[in-house]
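> Here's a structure for you.
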Number of protein chains: 4
Amino acid sequence: MSMGSVSAPLFLGVKMIKIGIYGASGYTGQELVRLLIQHPEAKITAITSRRYKGTPLADLYPVFTGLTDLAFIDASPEDVAKDADVIFLALPHGVSMEAVPKFLASGKKVIDLSADFRLNDAGTYEKWYGKHTASQVLSEAVYGIPELFREKIGQSSFVANPGCYPTSIILGLAPVLKNGCIDVKSIIVDSKSGVSGAGREPAVGSLFCEVSDGFKAYKVGGQHRHTPEIEQGLSHFAGQEVTMTFTPHLIPASRGILSTIYATLTKDTGARDLEKMYREFYAGEPFVRIYKTGAFPNISSVKGSNFCDIGMTVDKRTNRLIVVSAIDNLIKGASGQAIQNMNLMCGLEEAAGLKIMPVFP
Amino acid sequence: MSMGSVSAPLFLGVKMIKIGIYGASGYTGQELVRLLIQHPEAKITAITSRRYKGTPLADLYPVFTGLTDLAFIDASPEDVAKDADVIFLALPHGVSMEAVPKFLASGKKVIDLSADFRLNDAGTYEKWYGKHTASQVLSEAVYGIPELFREKIGQSSFVANPGCYPTSIILGLAPVLKNGCIDVKSIIVDSKSGVSGAGREPAVGSLFCEVSDGFKAYKVGGQHRHTPEIEQGLSHFAGQEVTMTFTPHLIPASRGILSTIYATLTKDTGARDLEKMYREFYAGEPFVRIYKTGAFPNISSVKGSNFCDIGMTVDKRTNRLIVVSAIDNLIKGASGQAIQNMNLMCGLEEAAGLKIMPVFP
Amino acid sequence: MSMGSVSAPLFLGVKMIKIGIYGASGYTGQELVRLLIQHPEAKITAITSRRYKGTPLADLYPVFTGLTDLAFIDASPEDVAKDADVIFLALPHGVSMEAVPKFLASGKKVIDLSADFRLNDAGTYEKWYGKHTASQVLSEAVYGIPELFREKIGQSSFVANPGCYPTSIILGLAPVLKNGCIDVKSIIVDSKSGVSGAGREPAVGSLFCEVSDGFKAYKVGGQHRHTPEIEQGLSHFAGQEVTMTFTPHLIPASRGILSTIYATLTKDTGARDLEKMYREFYAGEPFVRIYKTGAFPNISSVKGSNFCDIGMTVDKRTNRLIVVSAIDNLIKGASGQAIQNMNLMCGLEEAAGLKIMPVFP
Amino acid sequence: MSMGSVSAPLFLGVKMIKIGIYGASGYTGQELVRLLIQHPEAKITAITSRRYKGTPLADLYPVFTGLTDLAFIDASPEDVAKDADVIFLALPHGVSMEAVPKFLASGKKVIDLSADFRLNDAGTYEKWYGKHTASQVLSEAVYGIPELFREKIGQSSFVANPGCYPTSIILGLAPVLKNGCIDVKSIIVDSKSGVSGAGREPAVGSLFCEVSDGFKAYKVGGQHRHTPEIEQGLSHFAGQEVTMTFTPHLIPASRGILSTIYATLTKDTGARDLEKMYREFYAGEPFVRIYKTGAFPNISSVKGSNFCDIGMTVDKRTNRLIVVSAIDNLIKGASGQAIQNMNLMCGLEEAAGLKIMPVFP
């Protein structure tokens, strides 16, 4: 197999949907490429990066050696849109909002993986993130958790792809909120994330020596920017304003988010009732797996896949519901969910390109 | 340096207190040896193990190569007590209670690292653990968290050494409970432990491949046996019965416990007030380190040391207190605290043998 | 999605080839299941395990939750063969040889992942492993490295699937041996393996606490049982008897083997000449990736995939060739290669079911 | 215990030797502080860092919380020397050589941890590192492996502290070279290092996600700058010029170096002969531990300590010697050895401040 060309076309085929990835050099961007290369219908036409302009993807990520000729280009939204049916933006918040309106103007389908269009309310965004310069298109964005907003996503051409923590938490609580089983004032979420969530920017806090053998909480006390996004999602299903406590932690592992969620039950509900409720709520979902009463997920059981695994029980001594949900933060928490959204937006099979087993051990 | 004898006596000296370690082949047992070898006053006279009878410690744990001649013996409590001033028992619960009365009868000082004598009430023990066959000596046991029960420990010759989770949690909550700042019905504890807490018995769940890249909750819903011990400790400081929710998790790291503790504040207390309260409560303590407001501990900052690090804040949005405490489960959570207790019981400097910096990275 | 049945048939399809996996409870066995579930043509009809008889696979490996109904059965080779076209045996050496002749007698295609039929010479086997009780079928076995013995494999109905270390080493040296570039007496192989190579049997040496933060050599000095298999493979390409030094090491990672191979060059060959030689030797191979001069593989670039990545250079100061090869020990080093062999034996596309990107990070 | 002052003086005492650490913000620098805080005779008077001027050490490394008031200053060598008896320089190569002559001019004892004064020959330095601007003081430097050059070190006031790889390799081969047992042309060294060797500078290659689950060779083919230092040390004991092959690898662990060393035996020497030879060569050494024939070290057995563990055997099939040596790269490979040198230079007990057990698990 020669370098720089695909002489052994493992992943080629007749692929009809053309994809541009705007800002593709980070972990989320490369994960999009990785998944799309295996997608039966998608063909990547451009990956952009200002910093790595001209660099082959395989030079930055040796995992792609021999599998693709793609190299980063530095191009305007207009130019990228010319040869793409769908645009993924994997840019930092604040940067994404500059490009999104241009892509929308091109008439192409847009999936933004930043936080810029996840909050319905520009005021809330500005309180947590900073100035919003594209609030005029905010109302066009559909929040992209397919299990919860499938129909809207299918009709939309602009999806705000959810954050990793929010995905794990909103999927974990939607059934009990919808069914009015918990005191919405009592919600406490203790989440734990792998290090890839911090991205590939070199920073002392992400170094192997700083993370290995360690475990810590960060942004303690309602400081994390995902807080309003989580509350917006929970409020939707609660039918009332939800304010909760959210504490993220850092796991010495690359991938995975595990959220342990506590809430006081308002009804006399047993663990098996809850299991039944969750199974019904998520009946037929290809990517949500409900655990048997007494079993709980591990991030190693979803690693490398688009699954969201959920287990739940009742602490009878305190009458609290405890829900544990697990996702791969780079897949169901980012790039996999983005592709699931793309499939819905393009009328493809929802699971196309995502029929991938978790990798264990 | 020749094998099997200490030709380069790095750790020798005139040591006066003779120590027997009953059940020394597990991680907690070897950690006792490791720390006591460095202790200026302690001299180990026997380490026992039925299974490894005759085996040099250095064969089981190569880390001791060239540093000690100690080999495991299989001996009765009576025989071990003959040549020991202090006995540490590092046996599983249920087994320890058979030997402890014999050691007590010998008149020697006894520190039991099992759960057998931590609960004041035999009935509670039997509910969570099983039959208690030595309840006649239960009332003699002093619960050994030196920062909280120093005086009693100093006067006692029988200490029940606390569990790892309870140590991290009781130290984390004692100040606010004592000061009546929180609603005792609102306590939720989300703890995370390194794998060494599971011991050295081969089990699928402790294999590298099962733990690495993973993170999970276990014993969810008030199932963990440390629950009554935690509640007993918290109730002591609350001055009333405390029932709480406790969820342990498994960190892919060998050492360390981090407990994230949530409770609703009953008074209008700010983060700086709390910091001041904690500093006053633990003033002069050699092994409790209170973090500045806004800073929180990491298990990697206590690894290899006897410290308990505590940070706290207020989530103003929900009026909840959040406390984060970190210990090395094998040291402050087991063997280090046991030696701290020994020092108090023997009238030595409390920190003797424990003036050890954490190891980072 | 309900438990215990596949209501969301992510991985179903019209699959024609029926597979029995004999001894499926270890890491290699579950990896076969994992890969075959994603295979477009294969349908697993039986997985066996004496110990876990009756247990659903998903109970032993939660990663399969909701994805398969398969449960372990305890059945004779004859019974398993009845409903299978291809049999994979993932049993320990010594055990496999009892079942293989029965499967061969059934006329079905057999792929044995044990060491029992890899050595041509029963005498050599007995020197390294112990009594061989099925030497009468030894000559029927074809050694299954497809890149090197494709034609024979395609014509065979009995393949001895290679060991993980041998695969990485034989693929790494075949080109220079074939081209007569090195002194065959000078070969030194320093290999490093992830922990999954030790299997899922609980053993102290495989515990997280024993492996994490560690790195060691084992079976030093020509002790490892893969030695004769490696030498048999190298001798084949050298056209003469090869004896080499082989030292395996244990990496604190679950998956991956990296072999660093040293040999003295007998001709004046430059690094670029070697790169060219390797590219030509492996031209068109879907699963061998040759690195550009100056670049070398990392096990993280092949994790989760069937690739063998190879980089090489010349140490001009000592006139030595250095080859570095990397595989995922559970895939190209075991189950993936077994499926590649199956594809050849069944006349399927060689890469069927193996078009899987590595997972990074 | 209050922050920012040592109210619980765990590590205080009457300490007479004043220490300045020039360039103390990296892992090696903080390790010096960590060890010296526990040293019975040493008192740190200054730690410098241009970048972190004014920052308390405990802010950069929370592990020091509550244990020291030290903060970084930006000061000239002259100013630091005023209040110091011994100077440690923990600066990058090329930078150290600017400051060393000034410290030497002050008449204080100097231990340089950079590579700048390890090579006797300025020409060799310039070939591998770049311009040498302080070659006038090169001849004053003594190469600081105490086990091999104890006397010279004790008489010197300027020690070039060895590199981590060279320490593990030179200690591993000195006995057989001195005894003329091996063919010096046949030496191949395959070394593996933990990530802390790369320092604390943020770089993509040192990120957790890039290192975890990975293993790779780097600087393959005689490219690593430690090569001439290793060869200089080996040549000294061989009594002739040694050229060898050296390949470093990266272990997914923070601390530790394991070197696997191969050489052809020139005499008929058995494994037990070798063990005896090594034991005699290192008789009475406090920090070298020779393993019994058939046993080999693991980096986890030296982690956190100043030990160098060595095991060796003969591969009878190829008549090769195989030596495996293990050190903690930050201690015996850097800061611990530097303190051992200081002790010798100051006439203190050689092991003072280094009587520290390895930390396992």
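Within each chain, counting starts at residue 1; across the structure tokens, chains are named A, B, ... in the order shown, with ligands numbered 1 upward in that order.
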Taking only C-alpha atoms into account, which residues of chain D are within 6 Å of chain B, as a PyMOL selection string?
chain D and resi 1+8+10+63+283-286+301+355
> If we count only C-alpha atoms, what is near D:Ile73 at a cut-off of 10 Å, once residues fewer than 6 positions away on the same chain are taken out, given as a ChimeraX atom specification?
/D:22-24,46-56,80
> Can you list, as number ranges by chain, every protein, DNA or RNA residue that comes within 10 Å of D:Glu98 when you count only C-alpha atoms, leaving out same-chain residues fewer than 6 positions away?
D: 77, 116, 132-134
> Taking only C-alpha atoms into account, name the residue in A:Leu348, A:Gly26, A:His236, A:Pro252 that is nearest to A:Gly205.
A:Pro252
> Can you tell me, as a PyMOL selection string, what residues are no more than 12 Å from C:Thr269 when counting only C-alpha atoms, ignoring any on the same chain fewer than 5 positions away?
chain C and resi 176+179-182+264+274-277+312-316+319-321
> Please identify the alpha helix (DSSP H) residues within stretch 129-167 of chain D (assignment by DSSP from backbone atoms) and present them as a list of chain:residue names.
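Filtering stretch 129-167 of chain D down to alpha helix (DSSP H) leaves D:Pro146, D:Glu147, D:Leu148, D:Phe149, D:Arg150, D:Glu151, D:Lys152, D:Ile153, D:Gly154, D:Gln155, D:Cys164, D:Tyr165, D:Pro166, D:Thr167.
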> Per DSSP on the backbone, what are the strand (DSSP E or B) residues of stretch 9-57 of chain C, as an NGL selection string?
:C and (17-22 or 42-48 or 56)
> How would the residues just chosen look if you wrote them out with C-alpha atoms as an mmCIF file, in the first residue's frame?

data_model
loop_
_atom_site.group_PDB
_atom_site.id
_atom_site.type_symbol
_atom_site.label_atom_id
_atom_site.label_comp_id
_atom_site.auth_asym_id
_atom_site.auth_seq_id
_atom_site.Cartn_x
_atom_site.Cartn_y
_atom_site.Cartn_z
ATOM 1 C CA ILE C 17 -22.099 -18.455 6.437
ATOM 2 C CA LYS C 18 -22.776 -20.172 9.729
ATOM 3 C CA ILE C 19 -20.140 -19.914 12.410
ATOM 4 C CA GLY C 20 -19.485 -21.919 15.549
ATOM 5 C CA ILE C 21 -17.034 -20.559 18.106
ATOM 6 C CA TYR C 22 -15.641 -23.242 20.345
ATOM 7 C CA ALA C 42 -21.348 -14.377 8.800
ATOM 8 C CA LYS C 43 -23.953 -15.570 11.235
ATOM 9 C CA ILE C 44 -22.914 -17.053 14.571
ATOM 10 C CA THR C 45 -24.858 -20.199 15.397
ATOM 11 C CA ALA C 46 -23.116 -21.289 18.583
ATOM 12 C CA ILE C 47 -20.696 -20.018 21.203
ATOM 13 C CA THR C 48 -19.484 -22.562 23.718
ATOM 14 C CA PRO C 56 -25.879 -14.835 27.995
#
> For stretch 164-175 of chain B, please output as a VMD selection string all residues within 7 Å (counting only C-alpha atoms; exclusion window: fewer than 4 positions along the same chain).
chain B and resid 179 226 229 to 230 233 to 234 237 259 277 to 278 281 310 323 325 to 327 329 333 to 334
> Convert the current residue selection to file output with C-alpha atoms, as a compact mmCIF listing (two decimals), in the first residue's frame.

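For reference, again08.txt as written:
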# COMPACT_ATOMS: atom_id res chain seq x y z
CA ASN B 179 -21.71 23.93 63.05
CA HIS B 226 -19.63 1.47 54.25
CA GLU B 229 -20.24 3.48 59.04
CA ILE B 230 -20.51 6.77 57.19
CA GLY B 233 -19.85 9.12 61.84
CA LEU B 234 -22.03 11.84 60.35
CA PHE B 237 -21.36 15.29 64.49
CA SER B 259 -15.61 12.20 47.47
CA MET B 277 -14.91 27.39 59.24
CA TYR B 278 -12.93 24.45 57.87
CA PHE B 281 -12.03 23.26 62.63
CA ILE B 310 -10.50 19.33 51.30
CA VAL B 323 -17.35 19.58 49.45
CA SER B 325 -12.22 15.61 49.73
CA ALA B 326 -9.30 13.48 48.58
CA ILE B 327 -7.17 10.87 50.30
CA ASN B 329 -7.07 5.12 50.19
CA GLY B 333 -7.77 5.55 54.16
CA ALA B 334 -6.06 2.55 55.79
> Please provide as a list of chain:residue names all residues within 12 Å of A:Asn120, with the sequence filter that same-chain residues fewer than 2 positions apart are discarded (counting only C-alpha atoms).
A:Ala115, A:Asp116, A:Phe117, A:Arg118, A:Ala122, A:Gly123, A:Thr124, A:Tyr125, A:Glu126, A:His132, A:Ser135, A:Gln136, A:Val137, A:Leu138, A:Ser139, A:Glu140, A:Ala141, A:Val142, A:Tyr143, A:Ala160, A:Pro228, A:Glu229, A:Glu231, A:Gln232, A:Gly233, A:His236
> Quick one: write out the picked residues with N, CA and C atoms as a CSV table (one decimal), in the first residue's frame?

chain,number,residue,atom,x,y,z
A,115,ALA,N,-21.0,25.3,20.7
A,115,ALA,CA,-22.1,25.6,21.6
A,115,ALA,C,-22.9,26.8,21.1
A,116,ASP,N,-22.5,27.4,20.0
A,116,ASP,CA,-23.0,28.7,19.6
A,116,ASP,C,-24.5,28.8,19.4
A,117,PHE,N,-25.1,27.6,19.0
A,117,PHE,CA,-26.6,27.7,18.6
A,117,PHE,C,-27.4,26.7,19.4
A,118,ARG,N,-26.9,26.3,20.5
A,118,ARG,CA,-27.6,25.3,21.3
A,118,ARG,C,-28.6,26.0,22.3
A,122,ALA,N,-30.5,34.1,23.2
A,122,ALA,CA,-29.2,34.8,23.1
A,122,ALA,C,-28.7,35.4,24.4
A,123,GLY,N,-29.6,35.9,25.2
A,123,GLY,CA,-29.2,36.5,26.5
A,123,GLY,C,-28.6,35.5,27.4
A,124,THR,N,-29.1,34.3,27.4
A,124,THR,CA,-28.5,33.2,28.2
A,124,THR,C,-27.1,32.9,27.7
A,125,TYR,N,-27.0,32.8,26.4
A,125,TYR,CA,-25.7,32.6,25.8
A,125,TYR,C,-24.7,33.6,26.2
A,126,GLU,N,-25.1,34.9,26.1
A,126,GLU,CA,-24.1,35.9,26.4
A,126,GLU,C,-23.7,36.0,27.9
A,132,HIS,N,-23.0,37.3,21.3
A,132,HIS,CA,-23.5,36.4,20.2
A,132,HIS,C,-23.7,37.3,19.0
A,135,SER,N,-27.2,36.0,16.3
A,135,SER,CA,-28.5,35.7,17.0
A,135,SER,C,-29.6,35.7,16.0
A,136,GLN,N,-29.5,36.3,14.8
A,136,GLN,CA,-30.5,36.4,13.8
A,136,GLN,C,-30.9,35.0,13.3
A,137,VAL,N,-29.9,34.0,13.4
A,137,VAL,CA,-30.2,32.7,12.8
A,137,VAL,C,-30.5,31.7,14.0
A,138,LEU,N,-30.5,32.1,15.2
A,138,LEU,CA,-30.6,31.3,16.4
A,138,LEU,C,-31.9,30.5,16.3
A,139,SER,N,-33.0,31.1,15.9
A,139,SER,CA,-34.3,30.5,15.9
A,139,SER,C,-34.4,29.4,14.8
A,140,GLU,N,-33.5,29.4,13.9
A,140,GLU,CA,-33.5,28.3,12.8
A,140,GLU,C,-32.9,27.0,13.3
A,141,ALA,N,-32.1,27.1,14.4
A,141,ALA,CA,-31.4,25.9,14.8
A,141,ALA,C,-32.3,24.9,15.6
A,142,VAL,N,-32.2,23.7,15.2
A,142,VAL,CA,-32.9,22.6,16.0
A,142,VAL,C,-31.9,21.9,16.8
A,143,TYR,N,-32.2,21.7,18.1
A,143,TYR,CA,-31.3,21.0,19.0
A,143,TYR,C,-31.3,19.5,18.7
A,160,ALA,N,-28.1,22.3,15.7
A,160,ALA,CA,-27.1,22.6,16.8
A,160,ALA,C,-26.8,21.3,17.5
A,228,PRO,N,-26.4,25.8,31.5
A,228,PRO,CA,-27.7,26.3,30.9
A,228,PRO,C,-28.2,25.4,29.8
A,229,GLU,N,-27.4,24.7,29.1
A,229,GLU,CA,-27.8,23.8,28.0
A,229,GLU,C,-28.5,22.6,28.7
A,231,GLU,N,-30.0,22.6,31.6
A,231,GLU,CA,-31.2,23.0,32.2
A,231,GLU,C,-32.3,23.3,31.2
A,232,GLN,N,-31.9,23.8,30.0
A,232,GLN,CA,-32.8,24.1,28.9
A,232,GLN,C,-33.5,22.8,28.5
A,233,GLY,N,-32.6,21.7,28.4
A,233,GLY,CA,-33.1,20.4,27.9
A,233,GLY,C,-34.1,19.8,29.0
A,236,HIS,N,-37.5,21.5,29.2
A,236,HIS,CA,-38.3,21.2,28.1
A,236,HIS,C,-39.2,20.0,28.5
> Given only C-alpha atoms as the basis, pick out the residue of C:Ile187, C:Ala238, C:Leu36, C:Ala203 nearest to C:Val86.
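Closest to C:Val86, using only C-alpha atoms: C:Leu36.
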> Please report the interatomic distance between atom CA of A:Asn161 and atom CA of A:Lys192 in Å with one decimal.
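These two atoms are separated by 20.1 Å.
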